[in-house]
Every structure is written in structure tokens, then in C-alpha cells.
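Data block below; observations after.
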Amino acid sequence: MTLPDICIAPSLLSADFARLGEEVRNVVDAGADWIHFDVMDNHYVPNLTIGPMVCEAIRPHTTAPIDVHLMVEPVDAIIPQFAKAGANIITFHPEASRHPDRTLALIRDHGCKAGLVFNPATPLGWMDYVMDKLDIVLLMSVNPGFGGQQFIPNTLHKLREARQRINAWQQAGGQSIRLEVDGGVKVDNIGAIYAAGADTFVAGSAVFGAPDYRAVIDAMRAEVLKAGKQAV
Ligand code: DX5
Ligand code: ZN
């Protein structure tokens, strides 16, 4: 049987910031596929986190892709810095960029995968005219700014809609686009989130808040597998 092509991306926001390199190594050893890297500027969101220097510092600790989620405004100036710091994927909130089409192209020009992030109330229409420039679409299932919030159930409807758009695009010959979800993802809801169409799962507090990272990541994969079997 083939395993579902999913990515588990633990968010460093809930890691021990005093031991970030070690946390990155441990969580990848425990089965994480990507490292999710939350960048907050105390302007676009009411919190302040980490930037390109920290990305550069953790880069030697893993070969896993670093998935940079920019919650900053403006967006463009920081992109070359993250590309230089070793980011593999860069996503941003379209309403925080004056020219989202240009920003997507800028990310790809710097050798990274590019994507848009949709807040719970942000319409998916922002995707429509930039489908050819998307490698990933990220749906927020909480309002951005903090870890440890509750998953917003309406995200499941939005995921189904986004999945339909992506499938239609791919069926018409377009490139593949991953569908990522971020906020409140846990072992007990990841199956439903997968069934709604997500293939990439950010989990901060669920992973780093647990004593055994591997146990949580394994349990998440098992739930996805179960949901996949139920769907057949
Ligand atoms: C929220 C961040 C998330 C957050 C997820 O603005 O983008 O990546 O760290 O944390 P949990 O999984 O705890 O909701
Ligand atoms: Zn995030």
C-alpha cells in the first residue's frame, strides 16, 4: 500500500528558543518532514519572533526543508535575506504585499518555492490569477500571531474549496501545488483535516508541547492513514 504524500511541519514557535539547533535536530530525527519557521514583525501581527539570522543559524542543523511563514508587512525586502539564509519555501499573506504577483515571482527568482497564506477571513480569490506562480497554498486555521490557539472548524469547508481549485488546476495541466494548514492541528483533528484536502500540516504546540516528539508525529501519521482508508 502506498503511504499518503503528506508533510508534517512542526512549528518552531513552540520550541525551546534557548536550544533551537538541538530542537531542530530532535524533531527531524523524530520524523518531521519540514521545519515551519514563523516570522512575526509586531506590525502585521501583534507578536515578534525570529528573522533571517536565526534561519541561517539553524540551517546547518538539518537538511529538511525550512518552510518560512512570513507574517510581516511589507514583504518584499526580507525575501532575498531569507533565501540567502537557507529558506526552501517562503509563504506570505497577500494583503500584506502591495503586489502579490510580483512577490511570488521574487520568491521563485531567489530559488525558493512560493506560496500565499490565507487568514480565516481572507477569501481564496487571491489565488485565481496567480495559480501558475504557486507551489503551495497555506490556510490559517487560527488568526495568526500566536501558537496554542483552537482550530477554527470552518477551515474544513475552506480546505475543500481550496482542494477543488488546486485539483481543477492540475487536471487542466497545471503544476502541483501543496495545500498546507496552520493552527491548532492536533492528533485528534488531523484526520478530518486530511480528509478535507490538506496534505501539509503545521503543528507547533502539539509537537513541541509533548514529551515525546516521535510519538506525536507517528500518531499524526497513523490518523492520516486511518482517514485515508476510510475515504476509500
Ligand atoms: C500562528 C503560527 C503557527 C503556530 C501554530 O500564527 O503561524 O505556525 O505556531 O501553532 P499551534 O500548532 O500551536 O497552533
Ligand atoms: Zn505559521
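Residues in the C-alpha cells are named by chain (A, B, ... in the order shown) and by number from 1 within that chain; ligands are numbered from 1 in the order shown.
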
Near-ligand residues for ligand 2, threshold 9 Å, only C-alpha atoms and all ligand atoms, as a list in words
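The distance check yields Ser11, Leu12, Leu13, His36, Phe37, Asp38, Val39, Asp67, Val68, His69, Leu70, Met71, Leu138, Met140, Pro144, Gly145, Phe146, Gly147, Val181, Asp182, Gly183, Val202, Ala203 and Gly204 of chain A.
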
Got time to write the residues from that selection, N, CA, C and O atoms, as a short mmCIF file (atom, residue, chain, number, x, y, z; two decimals), in the first residue's frame?
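Listed below is the output, again_18.cif:
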data_model
loop_
_atom_site.label_atom_id
_atom_site.label_comp_id
_atom_site.auth_asym_id
_atom_site.auth_seq_id
_atom_site.Cartn_x
_atom_site.Cartn_y
_atom_site.Cartn_z
N SER A 11 6.14 23.57 14.02
CA SER A 11 6.44 25.00 14.07
C SER A 11 7.39 25.29 15.22
O SER A 11 7.07 25.01 16.39
N LEU A 12 8.49 25.92 14.89
CA LEU A 12 9.49 26.26 15.92
C LEU A 12 8.98 27.25 16.95
O LEU A 12 9.61 27.44 17.99
N LEU A 13 7.84 27.87 16.64
CA LEU A 13 7.29 28.85 17.58
C LEU A 13 7.11 28.26 18.98
O LEU A 13 7.24 28.96 19.98
N HIS A 36 8.79 24.34 10.17
CA HIS A 36 7.98 25.55 9.92
C HIS A 36 8.55 26.69 10.76
O HIS A 36 8.75 26.54 11.97
N PHE A 37 8.79 27.82 10.10
CA PHE A 37 9.55 28.92 10.70
C PHE A 37 8.67 30.18 10.66
O PHE A 37 8.50 30.80 9.61
N ASP A 38 8.11 30.55 11.81
CA ASP A 38 7.14 31.65 11.88
C ASP A 38 7.83 32.99 12.11
O ASP A 38 8.45 33.21 13.15
N VAL A 39 7.64 33.89 11.15
CA VAL A 39 8.28 35.21 11.23
C VAL A 39 7.21 36.26 11.51
O VAL A 39 6.31 36.47 10.69
N ASP A 67 10.50 25.93 6.01
CA ASP A 67 9.26 26.49 5.49
C ASP A 67 9.00 27.82 6.20
O ASP A 67 8.52 27.84 7.33
N VAL A 68 9.38 28.92 5.55
CA VAL A 68 9.30 30.24 6.19
C VAL A 68 7.92 30.86 5.96
O VAL A 68 7.52 31.09 4.82
N HIS A 69 7.22 31.10 7.04
CA HIS A 69 5.88 31.70 7.00
C HIS A 69 6.03 33.16 7.43
O HIS A 69 6.24 33.44 8.61
N LEU A 70 5.93 34.06 6.45
CA LEU A 70 6.14 35.47 6.73
C LEU A 70 4.84 36.13 7.19
O LEU A 70 3.89 36.23 6.41
N MET A 71 4.82 36.58 8.43
CA MET A 71 3.70 37.40 8.91
C MET A 71 4.27 38.79 9.12
O MET A 71 4.47 39.24 10.26
N LEU A 138 -1.35 28.05 1.80
CA LEU A 138 -1.44 27.80 3.24
C LEU A 138 -2.71 28.43 3.79
O LEU A 138 -2.91 29.65 3.66
N MET A 140 -4.72 29.42 7.07
CA MET A 140 -4.63 29.57 8.52
C MET A 140 -5.90 29.05 9.15
O MET A 140 -7.01 29.44 8.74
N PRO A 144 -3.48 34.59 12.84
CA PRO A 144 -2.04 34.48 13.05
C PRO A 144 -1.54 35.36 14.19
O PRO A 144 -2.13 36.38 14.50
N GLY A 145 -0.45 34.93 14.80
CA GLY A 145 0.17 35.73 15.84
C GLY A 145 0.64 34.92 17.04
O GLY A 145 1.60 35.30 17.70
N PHE A 146 -0.03 33.81 17.29
CA PHE A 146 0.30 33.05 18.50
C PHE A 146 0.13 31.56 18.28
O PHE A 146 -0.74 31.15 17.51
N GLY A 147 0.95 30.79 18.96
CA GLY A 147 0.75 29.35 18.98
C GLY A 147 -0.29 28.98 20.03
O GLY A 147 -0.74 29.83 20.80
N VAL A 181 -1.97 23.55 6.11
CA VAL A 181 -2.87 24.10 7.13
C VAL A 181 -2.05 24.42 8.37
O VAL A 181 -1.09 23.71 8.69
N ASP A 182 -2.40 25.52 9.04
CA ASP A 182 -1.56 26.02 10.13
C ASP A 182 -2.42 26.58 11.25
O ASP A 182 -3.13 27.57 11.05
N GLY A 183 -2.34 25.93 12.43
CA GLY A 183 -3.01 26.45 13.62
C GLY A 183 -3.95 25.44 14.25
O GLY A 183 -4.90 24.99 13.63
N VAL A 202 1.07 21.95 9.66
CA VAL A 202 1.91 22.62 10.65
C VAL A 202 1.37 22.27 12.03
O VAL A 202 0.16 22.30 12.24
N ALA A 203 2.26 21.93 12.93
CA ALA A 203 1.83 21.67 14.31
C ALA A 203 2.91 22.18 15.24
O ALA A 203 4.05 21.72 15.18
N GLY A 204 2.55 23.17 16.04
CA GLY A 204 3.51 23.76 16.96
C GLY A 204 3.40 23.15 18.34
O GLY A 204 4.17 22.27 18.72
#

Those in stretch 2-209 of chain A with strand (DSSP E) from DSSP, as JSON, numbers by chain
{"A": [7, 8, 9, 10, 35, 36, 37, 38, 39, 40, 66, 67, 68, 69, 70, 71, 89, 90, 91, 92, 113, 114, 115, 116, 117, 118, 136, 137, 138, 139, 140, 178, 179, 180, 181, 182, 200, 201, 202, 203]}

Restricting to only C-alpha atoms, whichever of A:Lys226, A:His157, A:Arg221, A:Arg25 is closest to A:Thr63 is A:Arg25

Ligand 1 proximity check over A:Gly228, A:Gly191, A:Pro46, A:Gly86, using only C-alpha atoms and all ligand atoms: winner is A:Pro46

What gap, in Å, lies between atom CA of A:Pro80 and atom CA of A:Asn47?
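The value is 22.5 Å.
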
Grab the atom CA of A:Ala215 to atom CA of A:Phe201 distance for me, in Å with one decimal place.
16.0 Å

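Of the residues listed (A:Thr155, A:Thr62, A:Ser141, A:Thr200), A:Ser141 shows the shortest atom-to-atom separation from ligand 1; distances use only C-alpha atoms and all ligand atoms.
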
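The spacing separating atom CA of A:Gly184 from atom CA of A:Pro153 amounts to 10.1 Å.
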
To test your reading of the structure, identify every residue in stretch 30-214 of chain A that backbone DSSP assigns to helix (DSSP H, G or I), and report it as number ranges by chain.
A: 52-61, 76-84, 94-96, 100-109, 124-133, 155-171, 190-195, 205-208, 213-214

Residues within 7 Å of A:Val142, please, as a CSV table (one decimal) with N, CA, C and O atoms, in the first residue's frame. Count only C-alpha atoms; anything in the same chain fewer than 4 positions from it doesn't count.
chain,number,residue,atom,x,y,z
A,120,PRO,N,-8.2,33.3,8.3
A,120,PRO,CA,-9.5,32.7,8.3
A,120,PRO,C,-10.6,33.5,7.5
A,120,PRO,O,-11.4,33.0,6.9
A,149,GLN,N,-3.5,28.1,19.8
A,149,GLN,CA,-4.9,28.5,19.7
A,149,GLN,C,-5.7,27.3,19.2
A,149,GLN,O,-5.2,26.4,18.7
A,150,GLN,N,-7.1,27.5,19.3
A,150,GLN,CA,-8.0,26.5,18.9
A,150,GLN,C,-8.2,26.5,17.4
A,150,GLN,O,-8.4,27.6,16.8
A,151,PHE,N,-8.2,25.3,16.8
A,151,PHE,CA,-8.6,25.2,15.4
A,151,PHE,C,-9.9,25.7,15.1
A,151,PHE,O,-10.9,25.4,15.8
A,152,ILE,N,-10.1,26.6,14.0
A,152,ILE,CA,-11.4,27.1,13.6
A,152,ILE,C,-12.0,26.2,12.7
A,152,ILE,O,-11.5,25.9,11.6
A,183,GLY,N,-2.3,25.9,12.4
A,183,GLY,CA,-3.0,26.5,13.6
A,183,GLY,C,-3.9,25.4,14.3
A,183,GLY,O,-4.9,25.0,13.6
A,184,GLY,N,-3.6,25.0,15.5
A,184,GLY,CA,-4.5,24.1,16.2
A,184,GLY,C,-4.6,22.7,15.7
A,184,GLY,O,-5.5,22.0,16.0

Here is a test: counting only C-alpha atoms, which residue of A:Ala195, A:Met127, A:His93, A:Gly148 is nearest to A:Val207?
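For A:Val207, the nearest of the given residues is A:Gly148.
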
From the set A:Gly173, A:Pro4, A:Pro10, A:Pro60, which residue has the shortest atom-to-atom contact distance to ligand 1, counting only C-alpha atoms and all ligand atoms?
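Nearest to ligand 1: A:Pro10.
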
Considering only C-alpha atoms, can you say which of A:Val54, A:Val187, A:Ile107, A:Leu139 comes closest to A:Ala227?
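Using only C-alpha atoms, A:Ala227 sits closest to A:Val187.
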
Extract, using only C-alpha atoms, all DNA, RNA and protein residues at most 12 Å from A:Gln81, discarding same-chain residues fewer than 6 positions from it, and format them as a list in words.
Gly51, Pro52, Met53, Val54, Cys55, Glu56, Val68, Val75, Ala87, Ile90, Leu106, Ile107, His110 and Cys112 of chain A

Got time to write the residues from that selection, N, CA and C atoms, as a CSV table (one decimal), in the first residue's frame?
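This went into part.csv:
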chain,number,residue,atom,x,y,z
A,51,GLY,N,14.0,36.1,12.7
A,51,GLY,CA,14.3,36.6,11.3
A,51,GLY,C,15.3,35.8,10.6
A,52,PRO,N,15.9,36.3,9.5
A,52,PRO,CA,16.9,35.6,8.7
A,52,PRO,C,18.1,35.1,9.5
A,53,MET,N,18.5,35.9,10.5
A,53,MET,CA,19.8,35.5,11.2
A,53,MET,C,19.5,34.1,11.9
A,54,VAL,N,18.3,33.9,12.4
A,54,VAL,CA,18.0,32.7,13.1
A,54,VAL,C,17.9,31.6,12.1
A,55,CYS,N,17.3,31.9,11.0
A,55,CYS,CA,17.2,30.9,9.9
A,55,CYS,C,18.6,30.4,9.5
A,56,GLU,N,19.5,31.3,9.3
A,56,GLU,CA,20.8,31.0,9.0
A,56,GLU,C,21.5,30.1,10.1
A,68,VAL,N,9.4,28.9,5.5
A,68,VAL,CA,9.3,30.2,6.2
A,68,VAL,C,7.9,30.9,6.0
A,75,VAL,N,6.5,43.0,2.6
A,75,VAL,CA,7.0,41.7,2.5
A,75,VAL,C,8.4,41.6,1.7
A,87,ALA,N,16.4,29.4,3.4
A,87,ALA,CA,15.0,29.0,3.4
A,87,ALA,C,14.7,28.2,2.1
A,90,ILE,N,8.9,29.9,0.9
A,90,ILE,CA,8.6,31.1,1.6
A,90,ILE,C,7.1,31.4,1.2
A,106,LEU,N,9.3,37.0,-7.2
A,106,LEU,CA,10.5,37.4,-6.4
A,106,LEU,C,11.0,36.2,-5.6
A,107,ILE,N,10.1,35.5,-5.0
A,107,ILE,CA,10.5,34.3,-4.2
A,107,ILE,C,11.1,33.2,-5.1
A,110,HIS,N,14.5,33.8,-6.4
A,110,HIS,CA,15.5,33.6,-5.5
A,110,HIS,C,15.7,32.1,-5.1
A,112,CYS,N,13.4,29.7,-4.3
A,112,CYS,CA,12.6,29.1,-3.3
A,112,CYS,C,11.2,28.8,-3.9

Could you give me, as a PyMOL selection string, the residues within 9 Å of A:Met220, counting only C-alpha atoms and dropping anything in the same chain fewer than 3 positions from it?
chain A and resi 8+186-188+190-191+215-217+223-225

Please list as an mmCIF file with N, CA, C and O atoms, in the first residue's frame every residue within 7 Å of stretch 196-199 of chain A, counting only C-alpha atoms and excluding residues in the same chain fewer than 3 positions away.
data_model
loop_
_atom_site.group_PDB
_atom_site.id
_atom_site.type_symbol
_atom_site.label_atom_id
_atom_site.label_comp_id
_atom_site.auth_asym_id
_atom_site.auth_seq_id
_atom_site.Cartn_x
_atom_site.Cartn_y
_atom_site.Cartn_z
ATOM 1 N N ASP A 5 1.066 11.055 0.482
ATOM 2 C CA ASP A 5 2.168 12.006 0.320
ATOM 3 C C ASP A 5 1.894 13.234 1.184
ATOM 4 O O ASP A 5 1.376 14.239 0.711
ATOM 5 N N ILE A 6 2.200 13.092 2.464
ATOM 6 C CA ILE A 6 1.925 14.222 3.361
ATOM 7 C C ILE A 6 3.224 14.725 3.980
ATOM 8 O O ILE A 6 4.222 14.010 4.025
ATOM 9 N N CYS A 7 3.164 15.974 4.435
ATOM 10 C CA CYS A 7 4.296 16.552 5.159
ATOM 11 C C CYS A 7 3.823 16.990 6.537
ATOM 12 O O CYS A 7 2.796 17.664 6.650
ATOM 13 N N LEU A 156 -12.335 23.685 7.579
ATOM 14 C CA LEU A 156 -12.549 22.434 6.834
ATOM 15 C C LEU A 156 -13.285 22.714 5.521
ATOM 16 O O LEU A 156 -12.939 22.159 4.475
ATOM 17 N N LEU A 159 -10.849 24.412 3.208
ATOM 18 C CA LEU A 159 -9.883 23.447 2.662
ATOM 19 C C LEU A 159 -10.480 22.704 1.475
ATOM 20 O O LEU A 159 -9.811 22.507 0.455
ATOM 21 N N ARG A 160 -11.753 22.312 1.588
ATOM 22 C CA ARG A 160 -12.394 21.582 0.477
ATOM 23 C C ARG A 160 -12.439 22.469 -0.767
ATOM 24 O O ARG A 160 -12.170 22.019 -1.871
ATOM 25 N N ARG A 163 -8.947 22.778 -2.167
ATOM 26 C CA ARG A 163 -8.580 21.497 -2.803
ATOM 27 C C ARG A 163 -9.210 21.387 -4.186
ATOM 28 O O ARG A 163 -8.559 20.970 -5.142
ATOM 29 N N ARG A 178 0.963 22.314 -3.227
ATOM 30 C CA ARG A 178 0.643 21.697 -1.929
ATOM 31 C C ARG A 178 -0.401 22.535 -1.200
ATOM 32 O O ARG A 178 -0.483 23.758 -1.413
ATOM 33 N N LEU A 179 -1.168 21.880 -0.334
ATOM 34 C CA LEU A 179 -2.189 22.572 0.460
ATOM 35 C C LEU A 179 -1.871 22.357 1.944
ATOM 36 O O LEU A 179 -1.987 21.253 2.476
ATOM 37 N N GLU A 180 -1.446 23.447 2.564
ATOM 38 C CA GLU A 180 -0.935 23.392 3.938
ATOM 39 C C GLU A 180 -1.949 24.023 4.897
ATOM 40 O O GLU A 180 -2.680 24.938 4.513
ATOM 41 N N VAL A 181 -1.966 23.547 6.114
ATOM 42 C CA VAL A 181 -2.867 24.104 7.126
ATOM 43 C C VAL A 181 -2.046 24.424 8.373
ATOM 44 O O VAL A 181 -1.092 23.711 8.693
ATOM 45 N N ALA A 192 -9.499 14.532 10.099
ATOM 46 C CA ALA A 192 -10.559 15.318 9.439
ATOM 47 C C ALA A 192 -9.950 16.386 8.533
ATOM 48 O O ALA A 192 -10.485 16.683 7.453
ATOM 49 N N ILE A 193 -8.834 16.942 8.947
ATOM 50 C CA ILE A 193 -8.176 17.993 8.158
ATOM 51 C C ILE A 193 -7.615 17.391 6.859
ATOM 52 O O ILE A 193 -7.729 17.975 5.779
#
